[in-house]
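Presented below is the structure to which this report refers.
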Amino acid sequence: MRRASTLASFNVLSRSLATVHGGAAATSASPSHGLLQVALYGTSSTTGSHVRRRWFGSFSGGPAGKLAIGVAGTLASVAVASSLTQEVYAKEPPPAELVPKDVVLYQYEACPFCNKVKAFLDYHDIPYKIVEVNPLSKKEIKWSDYKKVPILMVDGEQLVDSSAIIDKLNEKIVPERVAAPSSNDDEEKKWRQWVDNHLVHMLSPNIYRNTSEALESFDYITSNGNFSYTEKFTVKYAGAAAMYFVSKKLKKKYNITDERASLYEAAETWVNALNGRDFLGGSKPNMADLAVFGVLRPIRYLRSGKDMVEHTRIGEWYSRMERAVGESARIKA
């Protein structure tokens with residue numbers, strides 16, 4: 001994992017000095033079954049500034065210049081100190097020759113399993129296209145014998161099941177890891193299974209906990225999904241009502257007595273597993289980190305996700321993951 005705090009400090013210092021002299025830094029900077037499935041499994045080159053060699057010469061004329069230099073020095077010192085405490089995490093792209101040429105993800109935008117796959121693709125900066133599947137008709141995947149999402153097409157090869165997809169992609173882009181397993185692989189495998197077998201089942205009872213949260217969740221689902229105008233209205237209200245009652249059955253199935261308490265407990269369990277590390281993978285995320293991040297990403301800014309961050313210690317890890325995963329690698333149509 002590359003760390004850029006030293007470079008960031010230099011850039012902050014340069015910008016601070018340039019600003020005092022008027023400079024500026026530039027930046028660029030079946031239908032019912034289908035609906036139930038999406039409802040259950042989803043809520044859903046910068047340019048561096050520079051200082052000219054004669055910059056300080058323009059201040060040699062008097063006290064105003066000395067004062068300006070003093071202010072600039074103070075501001076720069078504060079900025080540098082701040083940047084030194086801020087870890088900058090970077091993506092982990094594979095060598096160019098190992099990057100797949102054509103990657104297409106068939107998904108529901110709000111599906112946590114689809115978001116697991118996207119977290120892996122985004123972190124490794126693998127460009128991919130999206131086909132949003134209508135969960136009522138599923139016409140976008142009629143060509144496939146597999147009728148669930150995610151489906152990932154990689155250079156013409158169909159991959160299914162989120163964990164299996166990630167394993168196969170990992171074999172393709174990190175072959176040396178497969179050839180020489182790490183001593184931490186068992187821990188990573190354990191927590192990836194925990195995501196699939198436990199964490200994901202905490203989501204639906206929380207996002208459909210009451211009628212207002214069910215409506216909030218279906219507003220997200222219909223706003224980001226592939227629905228016609230009529231379907232959006234029908235699905236939002238009928239779906240929210242149906243899932244409110246389904247969530248009560250899910251509570252019983254998974255022995256949940258208090259929805260929020262179960263979500264908070266899962267979040268704290270994950271933080272305890274980190275054991276003081278930035279990531280389960282140590283200084284950089286591993287596949288377990290990406291799996292947890294992926295399934296939580298669709299709910300993060302819903303009420304349940306906001307409550308989770310407010311009432312548990314998971315927020316700092318989640319913020320580190322947002323910085324590490326970075327911008328989406330999705331190819332816009």
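Residues in the structure tokens are named by chain (A, B, ... in the order shown) and by number from 1 within that chain; ligands are numbered from 1 in the order shown.
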Next item on the list: Mind checking which residues fall within 6 Å of A:Tyr108, counting only C-alpha atoms, ignoring those fewer than 3 positions away in the same chain, and posting them as an MDAnalysis selection string?
Entry: chainID A and resid 111 132:133
Using C-alpha atoms, can you write the selected residues to a file as a PDB file, in the first residue's frame?
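Result went into result-v4.pdb, see below:
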```
ATOM      1  CA  CYS A 111     -27.808  -5.882  -3.948  1.00  0.00           C
ATOM      2  CA  GLU A 132     -28.940  -3.201 -14.487  1.00  0.00           C
ATOM      3  CA  VAL A 133     -31.357  -6.126 -14.321  1.00  0.00           C
TER       4      VAL A 133
END
```
Show me, as JSON lines, the residues of stretch 149-209 of chain A having an atom within 10 Å of stretch 242-262 of chain A, each with the closest atom pair and its distance in Å, using only C-alpha atoms.
```
{"residue": "A:His198", "atom": "CA", "partner": "A:Tyr254", "partner_atom": "CA", "distance": 8.9}
{"residue": "A:Leu199", "atom": "CA", "partner": "A:Ser262", "partner_atom": "CA", "distance": 9.3}
{"residue": "A:His201", "atom": "CA", "partner": "A:Tyr254", "partner_atom": "CA", "distance": 7.5}
{"residue": "A:Met202", "atom": "CA", "partner": "A:Ser262", "partner_atom": "CA", "distance": 6.7}
{"residue": "A:Leu203", "atom": "CA", "partner": "A:Glu259", "partner_atom": "CA", "distance": 8.8}
{"residue": "A:Ser204", "atom": "CA", "partner": "A:Ser247", "partner_atom": "CA", "distance": 6.3}
{"residue": "A:Pro205", "atom": "CA", "partner": "A:Ser247", "partner_atom": "CA", "distance": 4.8}
{"residue": "A:Asn206", "atom": "CA", "partner": "A:Glu259", "partner_atom": "CA", "distance": 5.5}
{"residue": "A:Ile207", "atom": "CA", "partner": "A:Ser247", "partner_atom": "CA", "distance": 8.7}
{"residue": "A:Tyr208", "atom": "CA", "partner": "A:Tyr244", "partner_atom": "CA", "distance": 5.2}
{"residue": "A:Arg209", "atom": "CA", "partner": "A:Tyr244", "partner_atom": "CA", "distance": 6.6}
```
Write out as a PDB file with N, CA, C and O atoms, in the first residue's frame each polymer residue whose atoms come within 12 Å of A:Pro112, counting only C-alpha atoms; drop sequence neighbours fewer than 2 positions from it.
```
ATOM      1  N   GLN A  37     -36.332 -11.055  -4.158  1.00  0.00           N
ATOM      2  CA  GLN A  37     -34.885 -11.236  -4.137  1.00  0.00           C
ATOM      3  C   GLN A  37     -34.151  -9.913  -4.007  1.00  0.00           C
ATOM      4  O   GLN A  37     -33.249  -9.763  -3.187  1.00  0.00           O
ATOM      5  N   VAL A  38     -34.564  -8.945  -4.815  1.00  0.00           N
ATOM      6  CA  VAL A  38     -33.868  -7.655  -4.739  1.00  0.00           C
ATOM      7  C   VAL A  38     -34.161  -6.961  -3.420  1.00  0.00           C
ATOM      8  O   VAL A  38     -33.318  -6.260  -2.855  1.00  0.00           O
ATOM      9  N   ALA A  39     -35.350  -7.171  -2.876  1.00  0.00           N
ATOM     10  CA  ALA A  39     -35.701  -6.544  -1.604  1.00  0.00           C
ATOM     11  C   ALA A  39     -34.958  -7.168  -0.440  1.00  0.00           C
ATOM     12  O   ALA A  39     -34.517  -6.485   0.483  1.00  0.00           O
ATOM     13  N   LEU A  40     -34.787  -8.477  -0.486  1.00  0.00           N
ATOM     14  CA  LEU A  40     -34.089  -9.173   0.591  1.00  0.00           C
ATOM     15  C   LEU A  40     -32.603  -8.889   0.583  1.00  0.00           C
ATOM     16  O   LEU A  40     -31.969  -8.765   1.626  1.00  0.00           O
ATOM     17  N   TYR A  41     -32.025  -8.763  -0.607  1.00  0.00           N
ATOM     18  CA  TYR A  41     -30.582  -8.669  -0.699  1.00  0.00           C
ATOM     19  C   TYR A  41     -30.111  -7.307  -1.132  1.00  0.00           C
ATOM     20  O   TYR A  41     -29.049  -7.123  -1.674  1.00  0.00           O
ATOM     21  N   GLY A  42     -30.897  -6.280  -0.861  1.00  0.00           N
ATOM     22  CA  GLY A  42     -30.431  -4.957  -1.155  1.00  0.00           C
ATOM     23  C   GLY A  42     -31.196  -3.953  -0.373  1.00  0.00           C
ATOM     24  O   GLY A  42     -32.248  -4.238   0.151  1.00  0.00           O
ATOM     25  N   THR A  43     -30.707  -2.821  -0.200  1.00  0.00           N
ATOM     26  CA  THR A  43     -31.469  -1.672   0.199  1.00  0.00           C
ATOM     27  C   THR A  43     -31.711  -0.989  -1.074  1.00  0.00           C
ATOM     28  O   THR A  43     -30.980  -0.851  -1.904  1.00  0.00           O
ATOM     29  N   SER A  44     -30.898  -2.951  -1.524  1.00  0.00           N
ATOM     30  CA  SER A  44     -30.406  -2.853  -2.888  1.00  0.00           C
ATOM     31  C   SER A  44     -29.102  -3.291  -3.448  1.00  0.00           C
ATOM     32  O   SER A  44     -28.548  -3.756  -3.070  1.00  0.00           O
ATOM     33  N   GLN A 107     -26.443  -6.916 -12.572  1.00  0.00           N
ATOM     34  CA  GLN A 107     -26.629  -6.656 -11.151  1.00  0.00           C
ATOM     35  C   GLN A 107     -27.961  -6.000 -10.839  1.00  0.00           C
ATOM     36  O   GLN A 107     -28.685  -5.560 -11.721  1.00  0.00           O
ATOM     37  N   TYR A 108     -28.267  -5.937  -9.516  1.00  0.00           N
ATOM     38  CA  TYR A 108     -29.200  -4.978  -8.950  1.00  0.00           C
ATOM     39  C   TYR A 108     -28.337  -3.978  -8.209  1.00  0.00           C
ATOM     40  O   TYR A 108     -27.475  -4.369  -7.408  1.00  0.00           O
ATOM     41  N   GLU A 109     -28.543  -2.714  -8.423  1.00  0.00           N
ATOM     42  CA  GLU A 109     -27.695  -1.690  -7.807  1.00  0.00           C
ATOM     43  C   GLU A 109     -27.670  -1.799  -6.291  1.00  0.00           C
ATOM     44  O   GLU A 109     -26.642  -1.544  -5.659  1.00  0.00           O
ATOM     45  N   ALA A 110     -28.788  -2.201  -5.696  1.00  0.00           N
ATOM     46  CA  ALA A 110     -28.885  -2.228  -4.239  1.00  0.00           C
ATOM     47  C   ALA A 110     -28.509  -3.574  -3.625  1.00  0.00           C
ATOM     48  O   ALA A 110     -28.580  -3.737  -2.409  1.00  0.00           O
ATOM     49  N   CYS A 114     -23.870  -8.089  -5.120  1.00  0.00           N
ATOM     50  CA  CYS A 114     -23.336  -7.381  -6.292  1.00  0.00           C
ATOM     51  C   CYS A 114     -22.319  -6.336  -5.854  1.00  0.00           C
ATOM     52  O   CYS A 114     -21.287  -6.134  -6.512  1.00  0.00           O
ATOM     53  N   ASN A 115     -22.588  -5.676  -4.741  1.00  0.00           N
ATOM     54  CA  ASN A 115     -21.662  -4.668  -4.235  1.00  0.00           C
ATOM     55  C   ASN A 115     -20.367  -5.270  -3.716  1.00  0.00           C
ATOM     56  O   ASN A 115     -19.326  -4.606  -3.712  1.00  0.00           O
ATOM     57  N   LYS A 116     -20.404  -6.512  -3.259  1.00  0.00           N
ATOM     58  CA  LYS A 116     -19.159  -7.222  -2.918  1.00  0.00           C
ATOM     59  C   LYS A 116     -18.251  -7.311  -4.138  1.00  0.00           C
ATOM     60  O   LYS A 116     -17.046  -7.041  -4.061  1.00  0.00           O
ATOM     61  N   VAL A 117     -18.851  -7.723  -5.259  1.00  0.00           N
ATOM     62  CA  VAL A 117     -18.073  -7.870  -6.491  1.00  0.00           C
ATOM     63  C   VAL A 117     -17.546  -6.511  -6.943  1.00  0.00           C
ATOM     64  O   VAL A 117     -16.370  -6.377  -7.329  1.00  0.00           O
ATOM     65  N   LYS A 118     -18.390  -5.485  -6.867  1.00  0.00           N
ATOM     66  CA  LYS A 118     -17.953  -4.147  -7.289  1.00  0.00           C
ATOM     67  C   LYS A 118     -16.835  -3.617  -6.400  1.00  0.00           C
ATOM     68  O   LYS A 118     -15.920  -2.939  -6.882  1.00  0.00           O
ATOM     69  N   ALA A 119     -16.887  -3.909  -5.110  1.00  0.00           N
ATOM     70  CA  ALA A 119     -15.813  -3.461  -4.216  1.00  0.00           C
ATOM     71  C   ALA A 119     -14.480  -4.063  -4.642  1.00  0.00           C
ATOM     72  O   ALA A 119     -13.443  -3.385  -4.637  1.00  0.00           O
ATOM     73  N   VAL A 149     -28.526 -12.710  -9.576  1.00  0.00           N
ATOM     74  CA  VAL A 149     -27.398 -11.792  -9.731  1.00  0.00           C
ATOM     75  C   VAL A 149     -26.563 -11.860  -8.452  1.00  0.00           C
ATOM     76  O   VAL A 149     -27.097 -12.214  -7.390  1.00  0.00           O
ATOM     77  N   PRO A 150     -25.266 -11.569  -8.553  1.00  0.00           N
ATOM     78  CA  PRO A 150     -24.548 -11.074  -9.728  1.00  0.00           C
ATOM     79  C   PRO A 150     -24.166 -12.173 -10.706  1.00  0.00           C
ATOM     80  O   PRO A 150     -23.939 -13.320 -10.327  1.00  0.00           O
ATOM     81  N   ASP A 161     -22.245 -16.335  -8.558  1.00  0.00           N
ATOM     82  CA  ASP A 161     -22.090 -16.412  -7.107  1.00  0.00           C
ATOM     83  C   ASP A 161     -20.953 -15.491  -6.672  1.00  0.00           C
ATOM     84  O   ASP A 161     -19.805 -15.667  -7.074  1.00  0.00           O
ATOM     85  N   SER A 162     -21.278 -14.503  -5.840  1.00  0.00           N
ATOM     86  CA  SER A 162     -20.335 -13.424  -5.545  1.00  0.00           C
ATOM     87  C   SER A 162     -18.990 -13.921  -5.014  1.00  0.00           C
ATOM     88  O   SER A 162     -17.930 -13.464  -5.464  1.00  0.00           O
ATOM     89  N   SER A 163     -19.008 -14.855  -4.073  1.00  0.00           N
ATOM     90  CA  SER A 163     -17.735 -15.324  -3.505  1.00  0.00           C
ATOM     91  C   SER A 163     -16.924 -16.103  -4.526  1.00  0.00           C
ATOM     92  O   SER A 163     -15.694 -15.968  -4.603  1.00  0.00           O
ATOM     93  N   VAL A 195     -19.342 -13.136   6.585  1.00  0.00           N
ATOM     94  CA  VAL A 195     -20.110 -12.140   5.832  1.00  0.00           C
ATOM     95  C   VAL A 195     -21.317 -12.797   5.166  1.00  0.00           C
ATOM     96  O   VAL A 195     -22.454 -12.311   5.271  1.00  0.00           O
ATOM     97  N   ASP A 196     -21.081 -13.930   4.477  1.00  0.00           N
ATOM     98  CA  ASP A 196     -22.147 -14.593   3.729  1.00  0.00           C
ATOM     99  C   ASP A 196     -23.158 -15.291   4.634  1.00  0.00           C
ATOM    100  O   ASP A 196     -24.354 -15.346   4.313  1.00  0.00           O
ATOM    101  N   LEU A 199     -23.461 -11.747   8.542  1.00  0.00           N
ATOM    102  CA  LEU A 199     -23.619 -10.302   8.409  1.00  0.00           C
ATOM    103  C   LEU A 199     -24.739  -9.919   7.449  1.00  0.00           C
ATOM    104  O   LEU A 199     -25.563  -9.048   7.752  1.00  0.00           O
ATOM    105  N   VAL A 200     -24.771 -10.551   6.291  1.00  0.00           N
ATOM    106  CA  VAL A 200     -25.754 -10.165   5.278  1.00  0.00           C
ATOM    107  C   VAL A 200     -27.186 -10.379   5.771  1.00  0.00           C
ATOM    108  O   VAL A 200     -28.107  -9.653   5.365  1.00  0.00           O
ATOM    109  N   HIS A 201     -27.376 -11.324   6.685  1.00  0.00           N
ATOM    110  CA  HIS A 201     -28.727 -11.600   7.186  1.00  0.00           C
ATOM    111  C   HIS A 201     -29.185 -10.586   8.227  1.00  0.00           C
ATOM    112  O   HIS A 201     -30.353 -10.598   8.628  1.00  0.00           O
ATOM    113  N   MET A 202     -28.276  -9.723   8.665  1.00  0.00           N
ATOM    114  CA  MET A 202     -28.657  -8.657   9.597  1.00  0.00           C
ATOM    115  C   MET A 202     -29.249  -7.450   8.871  1.00  0.00           C
ATOM    116  O   MET A 202     -29.853  -6.579   9.495  1.00  0.00           O
ATOM    117  N   LEU A 203     -29.097  -7.403   7.542  1.00  0.00           N
ATOM    118  CA  LEU A 203     -29.468  -6.195   6.816  1.00  0.00           C
ATOM    119  C   LEU A 203     -30.972  -6.025   6.651  1.00  0.00           C
ATOM    120  O   LEU A 203     -31.531  -4.983   6.995  1.00  0.00           O
ATOM    121  N   SER A 204     -31.648  -7.032   6.085  1.00  0.00           N
ATOM    122  CA  SER A 204     -33.076  -6.875   5.791  1.00  0.00           C
ATOM    123  C   SER A 204     -33.920  -6.569   7.019  1.00  0.00           C
ATOM    124  O   SER A 204     -34.785  -5.674   6.970  1.00  0.00           O
ATOM    125  N   ILE A 221     -34.143   1.587  -3.664  1.00  0.00           N
ATOM    126  CA  ILE A 221     -34.189   0.490  -4.628  1.00  0.00           C
ATOM    127  C   ILE A 221     -34.776   0.948  -5.955  1.00  0.00           C
ATOM    128  O   ILE A 221     -34.215   0.699  -7.028  1.00  0.00           O
ATOM    129  N   LEU A 290     -12.922  -6.316   1.876  1.00  0.00           N
ATOM    130  CA  LEU A 290     -13.721  -5.900   0.723  1.00  0.00           C
ATOM    131  C   LEU A 290     -15.126  -6.479   0.781  1.00  0.00           C
ATOM    132  O   LEU A 290     -16.095  -5.828   0.360  1.00  0.00           O
ATOM    133  N   ALA A 291     -15.264  -7.710   1.323  1.00  0.00           N
ATOM    134  CA  ALA A 291     -16.582  -8.325   1.429  1.00  0.00           C
ATOM    135  C   ALA A 291     -17.460  -7.580   2.433  1.00  0.00           C
ATOM    136  O   ALA A 291     -18.623  -7.275   2.153  1.00  0.00           O
ATOM    137  N   VAL A 292     -16.907  -7.274   3.605  1.00  0.00           N
ATOM    138  CA  VAL A 292     -17.674  -6.532   4.613  1.00  0.00           C
ATOM    139  C   VAL A 292     -18.052  -5.164   4.075  1.00  0.00           C
ATOM    140  O   VAL A 292     -19.211  -4.730   4.169  1.00  0.00           O
ATOM    141  N   PHE A 293     -17.101  -4.471   3.490  1.00  0.00           N
ATOM    142  CA  PHE A 293     -17.355  -3.145   2.936  1.00  0.00           C
ATOM    143  C   PHE A 293     -18.430  -3.211   1.851  1.00  0.00           C
ATOM    144  O   PHE A 293     -19.340  -2.381   1.808  1.00  0.00           O
ATOM    145  N   GLY A 294     -18.330  -4.213   0.989  1.00  0.00           N
ATOM    146  CA  GLY A 294     -19.275  -4.327  -0.115  1.00  0.00           C
ATOM    147  C   GLY A 294     -20.708  -4.508   0.347  1.00  0.00           C
ATOM    148  O   GLY A 294     -21.616  -3.832  -0.148  1.00  0.00           O
ATOM    149  N   VAL A 295     -20.943  -5.402   1.313  1.00  0.00           N
ATOM    150  CA  VAL A 295     -22.328  -5.648   1.723  1.00  0.00           C
ATOM    151  C   VAL A 295     -22.892  -4.497   2.553  1.00  0.00           C
ATOM    152  O   VAL A 295     -24.111  -4.284   2.580  1.00  0.00           O
ATOM    153  N   LEU A 296     -22.014  -3.726   3.219  1.00  0.00           N
ATOM    154  CA  LEU A 296     -22.497  -2.596   4.010  1.00  0.00           C
ATOM    155  C   LEU A 296     -22.704  -1.335   3.170  1.00  0.00           C
ATOM    156  O   LEU A 296     -23.459  -0.440   3.556  1.00  0.00           O
ATOM    157  N   ARG A 297     -22.059  -1.265   2.036  1.00  0.00           N
ATOM    158  CA  ARG A 297     -22.108  -0.033   1.241  1.00  0.00           C
ATOM    159  C   ARG A 297     -23.536   0.381   0.838  1.00  0.00           C
ATOM    160  O   ARG A 297     -23.852   1.572   0.891  1.00  0.00           O
ATOM    161  N   PRO A 298     -24.441  -0.565   0.463  1.00  0.00           N
ATOM    162  CA  PRO A 298     -25.789  -0.115   0.079  1.00  0.00           C
ATOM    163  C   PRO A 298     -26.598   0.485   1.231  1.00  0.00           C
ATOM    164  O   PRO A 298     -27.521   1.261   0.982  1.00  0.00           O
ATOM    165  N   ILE A 299     -26.256   0.141   2.480  1.00  0.00           N
ATOM    166  CA  ILE A 299     -27.056   0.666   3.597  1.00  0.00           C
ATOM    167  C   ILE A 299     -26.369   1.813   4.326  1.00  0.00           C
ATOM    168  O   ILE A 299     -26.967   2.429   5.203  1.00  0.00           O
ATOM    169  N   ARG A 300     -25.125   2.120   3.962  1.00  0.00           N
ATOM    170  CA  ARG A 300     -24.334   3.058   4.756  1.00  0.00           C
ATOM    171  C   ARG A 300     -25.048   4.381   4.986  1.00  0.00           C
ATOM    172  O   ARG A 300     -24.987   4.944   6.097  1.00  0.00           O
TER     173      ARG A 300
END
```
Next item on the list: Quote the spacing between atom CA of A:Ile130 and atom CA of A:Arg330 in Å to one decimal place.
Entry: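 Here the two named atoms are 7.3 Å from each other.
Checking A:Val103, A:Ile173, A:Ala238, A:Ala329 one by one against A:Met153, counting only C-alpha atoms, you find the shortest gap at A:Val103.
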Notebook entry, point to check: Pick from A:Ile165, A:Val235, A:Ala288, A:Leu215: nearest to A:Leu136, with only C-alpha atoms counted?
Noted result: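 Closest to A:Leu136 of all the choices is A:Val235.
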Next item on the list: Based on DSSP run over this structure's backbone, return all residues of stretch 112-325 of chain A in strand (DSSP E), as a PyMOL selection string.
Entry: chain A and resi 129-132+151-154+157-160
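Taking only stretch 147-196 of chain A, the residues that DSSP calls helix (DSSP H, G or I) from the backbone come to A:Ser162, A:Ser163, A:Ala164, A:Ile165, A:Ile166, A:Asp167, A:Lys168, A:Leu169, A:Asn170, A:Glu171, A:Lys172, A:Ile173, A:Pro175, A:Glu176, A:Arg177, A:Val178, A:Ala179, A:Asp185, A:Asp186, A:Glu187, A:Glu188, A:Lys189, A:Lys190, A:Trp191, A:Arg192, A:Gln193, A:Trp194, A:Val195, A:Asp196.
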Next item on the list: Return the single residue from A:Trp194, A:Phe120, A:Phe233, A:Tyr89 that is closest to A:Asp167, with distances computed using only C-alpha atoms.
Entry: A:Phe120
Next item on the list: Work out how far apart atom CA of A:Asn224 and atom CA of A:Val160 are and give it in Å to one decimal.
Entry: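 Answer for the atom CA of A:Asn224 to atom CA of A:Val160 separation: 22.1 Å.
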Check: Just how far from atom CA of A:Val99 is atom CA of A:Ile151, in Å to one decimal?
Finding: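 Computed distance, atom CA of A:Ile151 to atom CA of A:Val99, equals 18.4 Å.
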Next item on the list: Find, counting only C-alpha atoms, the residue in A:Val104, A:Ile126, A:Lys189, A:Glu176 that gets nearest to A:Met287.
Entry: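 Checking each of A:Val104, A:Ile126, A:Lys189, A:Glu176 against A:Met287, counting only C-alpha atoms, the winner is A:Lys189.
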Item checked: Residue nearest A:Ala214 - candidates A:Ser304, A:Asn272, A:Leu263, A:Leu169, atoms counted: only C-alpha atoms ->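 Closest to A:Ala214 of all the choices is A:Ser304.
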